[in-house]
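Report on the following structure.
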Amino acid sequence: MNRQKVLITGGASGIGLALARRFIARGDQVAICDADADAVARMQAQMPDVIAVQADVTDEAQMAAFLNGIESRWGGIDVVCANAGTGGPAGRIETLDYNDWQSCIAVNLNGAFLTCRWAARLMRAQGAGLIVLTSSTAGLFGYPLRAPYCAAKWAIVGLTKTLASELGPAGVRVNAICPGAVEGDRMDRVVAMEAKASGKPEDEVRAQYVRGVSLRTWVSGDDLADTVLFLASPAASKISGQIMAIDGHTETLTP
Ligand code: NAD
């Protein structure tokens with residue numbers, strides 16, 4: 001398989017970093033953006049082959065500079081992972097602050113819009129390409145105490161289905177991944193936040209995530225990378241419009 005040109009938003013830590021590592025390991029070219037300047041600098045030092053740029057996915061001008069820069073450097077793109085996301089606030093809807101609602105929707109949904117709009121234009125002209133959006137199991141179930149995050153991740157499912165239909169005739173595939181709870185810093189923060197909002201001990205919140213999953217497991221960044229690399233392979237050339245949960249089969253987010 002030819003070297004692929006892969007762009008990942010929110011790629012300097014967590015799932016995005018796991019994806020970048022795996023694409024680099026198989027010889028692909030990778031560009032990432034991330035809002036966290038320190039994480040970008042760390043990644044650049046550890047992985048000098050990656051083009052790593054500080055850019056906020058909600059900022060149209062920053063994203064235009066990043067995306068147009070990649071377009072002029074590479075000329076085309078094979079895979080775009082609209083991955084950047086934030087957990088947003090935890091609490092019952094009547095306690096939520098409007099600014100927190102807006103910033104959660106902005107990062108998780110508006111950022112995906114700006115990324116996909118650029119990718120769609122370029123890939124339609126190429127007549128080929130793959131977009132992978134990161135939703136969540138929160139995009140498949142109701143998720144008490146996490147209304148903005150849940151709403152944004154359901155919206156990603158709608159965006160995925162729509163873009164798969166719009167871009168399919170041009171030869172472009174669009175799929176979403178729905179990770180379950182991923183081991184790492186991000187879920188440690190989420191568990192602490194949900195424990196505070198619900199008054200439950202952190203161990204109980206953590207155990208709840210496992211109880212609702214048939215395989216009684218969390219997932220790893222590498223589990224997700226396995227799926228994205230499969231989607232980016234010729235074996236997946238007929239797969240589009242799919243909402244793929246990598247989660248050990250979530251039965252409920254409210255066990
Ligand atoms: P993470 O916090 O470890 O990494 C997210 C990265 O995105 C960070 O490097 C952060 O700096 C960056 N980012 C945040 N806001 C940004 C912005 N405005 N512009 C650019 N970059 C920004 O989280 P993660 O677990 O790697 O999450 C990646 C994606 O997976 C997100 O969309 C998240 O909602 C989704 N997800 C995560 C889990 C989980 O359990 N961790 C589960 C389901 C879905």
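For the structure tokens, the naming scheme is as follows: chains receive sequential letters (A, B, ...) according to their order of presentation, residues are indexed from 1 within each chain, and ligands are indexed from 1 in presentation order.
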
**Report entry** Test item: residues at most 8 Å from segment 46-56 of chain A, only C-alpha atoms, excluding those fewer than 5 positions along its chain, as a PyMOL selection string
**Finding:** chain A and resi 12+24+29-37+40-41+62-63+66

Selection near segment 226-236 of chain A, 10 Å with only C-alpha atoms, sequence-local residues under 3 positions removed, as a compact mmCIF listing (two decimals) with N, CA and C atoms, in the first residue's frame:
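The resulting file, selection30.txt, is reproduced below:
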```txt
# COMPACT_ATOMS: atom_id res chain seq x y z
N MET A 1 0.85 -1.20 0.00
CA MET A 1 0.00 0.00 0.00
C MET A 1 0.89 1.26 0.00
N GLN A 4 0.26 6.79 3.04
CA GLN A 4 -0.93 7.63 3.07
C GLN A 4 -0.65 8.95 3.78
N VAL A 6 -2.12 11.51 6.26
CA VAL A 6 -3.15 11.39 7.31
C VAL A 6 -3.15 12.64 8.18
N ALA A 18 -2.36 8.10 19.87
CA ALA A 18 -2.28 6.65 19.58
C ALA A 18 -2.45 6.41 18.08
N LEU A 19 -3.39 7.14 17.46
CA LEU A 19 -3.58 6.98 16.01
C LEU A 19 -2.32 7.43 15.26
N ARG A 22 0.54 4.93 15.36
CA ARG A 22 0.33 3.73 14.54
C ARG A 22 0.47 4.03 13.05
N PHE A 23 -0.03 5.20 12.60
CA PHE A 23 0.14 5.54 11.18
C PHE A 23 1.63 5.75 10.87
N ARG A 26 3.62 2.56 10.47
CA ARG A 26 3.53 1.79 9.22
C ARG A 26 3.99 2.61 8.01
N ASP A 78 -5.31 11.68 2.19
CA ASP A 78 -5.97 10.37 2.10
C ASP A 78 -6.95 10.13 3.24
N VAL A 79 -6.51 10.47 4.46
CA VAL A 79 -7.33 10.16 5.63
C VAL A 79 -7.41 11.40 6.53
N VAL A 80 -8.62 11.76 6.94
CA VAL A 80 -8.80 12.84 7.90
C VAL A 80 -9.55 12.29 9.11
N CYS A 81 -8.94 12.42 10.28
CA CYS A 81 -9.58 11.99 11.52
C CYS A 81 -10.03 13.23 12.29
N GLY A 129 -10.88 9.35 -0.80
CA GLY A 129 -10.51 9.81 0.55
C GLY A 129 -11.35 9.13 1.60
N LEU A 130 -10.90 9.24 2.84
CA LEU A 130 -11.60 8.67 3.99
C LEU A 130 -11.64 9.70 5.10
N ILE A 131 -12.85 9.94 5.63
CA ILE A 131 -13.01 10.78 6.82
C ILE A 131 -13.48 9.86 7.96
N VAL A 132 -12.81 9.95 9.10
CA VAL A 132 -13.25 9.21 10.28
C VAL A 132 -13.54 10.22 11.39
N ARG A 173 -15.27 8.00 1.38
CA ARG A 173 -15.93 7.25 2.46
C ARG A 173 -15.91 8.05 3.76
N VAL A 174 -16.99 7.94 4.51
CA VAL A 174 -17.10 8.67 5.78
C VAL A 174 -17.68 7.72 6.84
N ASN A 175 -16.95 7.52 7.92
CA ASN A 175 -17.40 6.64 9.00
C ASN A 175 -17.14 7.31 10.34
N ALA A 176 -17.82 6.82 11.36
CA ALA A 176 -17.56 7.32 12.72
C ALA A 176 -17.14 6.15 13.61
N ILE A 177 -16.24 6.45 14.55
CA ILE A 177 -15.96 5.47 15.59
C ILE A 177 -16.59 5.96 16.89
N GLY A 221 -6.28 3.07 23.46
CA GLY A 221 -6.05 3.83 22.23
C GLY A 221 -5.68 2.92 21.07
N ASP A 222 -4.95 1.84 21.37
CA ASP A 222 -4.56 0.91 20.31
C ASP A 222 -5.75 0.14 19.75
N ASP A 223 -6.74 -0.16 20.61
CA ASP A 223 -7.97 -0.81 20.10
C ASP A 223 -8.60 0.08 19.02
N ILE A 239 -16.68 0.16 2.86
CA ILE A 239 -17.33 0.50 4.13
C ILE A 239 -17.47 2.01 4.26
N SER A 240 -18.70 2.49 4.26
CA SER A 240 -18.96 3.92 4.45
C SER A 240 -20.29 4.11 5.16
N MET A 244 -19.26 2.86 14.11
CA MET A 244 -18.62 1.66 14.64
C MET A 244 -18.25 1.83 16.12
N ALA A 245 -18.92 1.08 16.96
CA ALA A 245 -18.59 1.11 18.39
C ALA A 245 -17.41 0.18 18.65
N ILE A 246 -16.42 0.71 19.32
CA ILE A 246 -15.28 -0.09 19.78
C ILE A 246 -15.33 0.06 21.29
```

**Report entry** Environment of ligand 1 within 7 Å, counting only C-alpha atoms and all ligand atoms, reported as a PyMOL selection string
**Finding:** chain A and resi 9-16+33-36+39+55-58+83-87+107-108+134-137+178-187

Query raised in the report: Which of these residues is nearest to Arg216 of chain A, using only C-alpha atoms: A:Lys5, A:Lys238, A:His249, A:Lys161?
Result: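 Looking at the shortest contact to Arg216 of chain A, the residue is A:His249.
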
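Within segment 34-185 of chain A, DSSP applied to the backbone places the following residues in strand (DSSP E): Asp34, Ile51, Ala52, Val53, Gln54, Val79, Val80, Cys81, Ala82, Gly129, Leu130, Ile131, Val132, Leu133, Thr134, Val172, Arg173, Val174, Asn175, Ala176, Ile177, Cys178 and Pro179 of chain A.
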
Query raised in the report: What lies within 12 Å of Glu194 of chain A using only C-alpha atoms, ignoring chain neighbours under 3 positions off, as an MDAnalysis selection string?
Result: chainID A and resid 87:92 143:146 187:191 197:206 208:209

Report task. Check segment 63-236 of chain A with DSSP on the backbone and list each residue it calls helix (DSSP H, G or I), as a PyMOL selection string. Result -> chain A and resi 63-74+93-95+98-126+137-139+147-170+185-198+202-211+221-231+234-236

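For Gly127 of chain A, the list of residues within 6 Å, based on only C-alpha atoms and with local chain neighbours fewer than 4 positions off taken out, reads Met123, Ala170 and Gly171 of chain A.
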
Query raised in the report: Between atom CA of Asp247 of chain A and atom CA of Ser220 of chain A, what is the spacing in Å?
Result: 9.5 Å

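Between atom CA of Trp218 of chain A and atom CA of Leu159 of chain A the separation is 26.1 Å.
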
Requested in this report: May I have the residues within 9 Å of Gly139 of chain A as a PyMOL selection string, using only C-alpha atoms and disregarding those fewer than 4 positions away in the same chain?
Outcome: chain A and resi 135+143+149-157+178

Next, write the just-selected residues to a file, as a PDB file, in the first residue's frame, keeping N, CA and C atoms as the atom set.
```pdb
ATOM      1  N   SER A 135     -17.103   9.889  17.369  1.00  0.00           N
ATOM      2  CA  SER A 135     -18.275  10.087  18.220  1.00  0.00           C
ATOM      3  C   SER A 135     -17.941   9.431  19.558  1.00  0.00           C
ATOM      4  N   TYR A 143     -27.155   9.880  28.237  1.00  0.00           N
ATOM      5  CA  TYR A 143     -25.993   9.878  29.133  1.00  0.00           C
ATOM      6  C   TYR A 143     -26.246  10.899  30.239  1.00  0.00           C
ATOM      7  N   TYR A 149     -22.233  16.960  26.000  1.00  0.00           N
ATOM      8  CA  TYR A 149     -21.340  15.989  25.345  1.00  0.00           C
ATOM      9  C   TYR A 149     -22.161  14.986  24.547  1.00  0.00           C
ATOM     10  N   CYS A 150     -23.219  14.483  25.179  1.00  0.00           N
ATOM     11  CA  CYS A 150     -24.068  13.483  24.544  1.00  0.00           C
ATOM     12  C   CYS A 150     -24.726  14.067  23.286  1.00  0.00           C
ATOM     13  N   ALA A 151     -25.227  15.293  23.400  1.00  0.00           N
ATOM     14  CA  ALA A 151     -25.887  15.937  22.251  1.00  0.00           C
ATOM     15  C   ALA A 151     -24.890  16.118  21.107  1.00  0.00           C
ATOM     16  N   ALA A 152     -23.675  16.537  21.442  1.00  0.00           N
ATOM     17  CA  ALA A 152     -22.665  16.752  20.394  1.00  0.00           C
ATOM     18  C   ALA A 152     -22.292  15.434  19.721  1.00  0.00           C
ATOM     19  N   LYS A 153     -22.182  14.364  20.505  1.00  0.00           N
ATOM     20  CA  LYS A 153     -21.746  13.089  19.925  1.00  0.00           C
ATOM     21  C   LYS A 153     -22.849  12.438  19.088  1.00  0.00           C
ATOM     22  N   TRP A 154     -24.136  12.667  19.457  1.00  0.00           N
ATOM     23  CA  TRP A 154     -25.230  12.221  18.574  1.00  0.00           C
ATOM     24  C   TRP A 154     -25.195  13.030  17.283  1.00  0.00           C
ATOM     25  N   ALA A 155     -24.874  14.302  17.393  1.00  0.00           N
ATOM     26  CA  ALA A 155     -24.803  15.144  16.188  1.00  0.00           C
ATOM     27  C   ALA A 155     -23.701  14.661  15.253  1.00  0.00           C
ATOM     28  N   ILE A 156     -22.621  14.148  15.816  1.00  0.00           N
ATOM     29  CA  ILE A 156     -21.536  13.604  14.979  1.00  0.00           C
ATOM     30  C   ILE A 156     -22.035  12.406  14.170  1.00  0.00           C
ATOM     31  N   VAL A 157     -22.928  11.625  14.777  1.00  0.00           N
ATOM     32  CA  VAL A 157     -23.502  10.484  14.046  1.00  0.00           C
ATOM     33  C   VAL A 157     -24.313  10.997  12.848  1.00  0.00           C
ATOM     34  N   CYS A 178     -17.082   5.004  17.668  1.00  0.00           N
ATOM     35  CA  CYS A 178     -17.694   5.314  18.969  1.00  0.00           C
ATOM     36  C   CYS A 178     -16.901   4.582  20.043  1.00  0.00           C
TER      37      CYS A 178
END
```

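Proximity of A:Pro148, A:Pro169, A:Gly111, A:Gly142 to Thr250 of chain A, computed with only C-alpha atoms, is greatest for A:Gly142.
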
Query raised in the report: So what do you get for atom CA of Glu94 of chain A versus atom CA of Pro255 of chain A, distance-wise?
Result: 22.5 Å
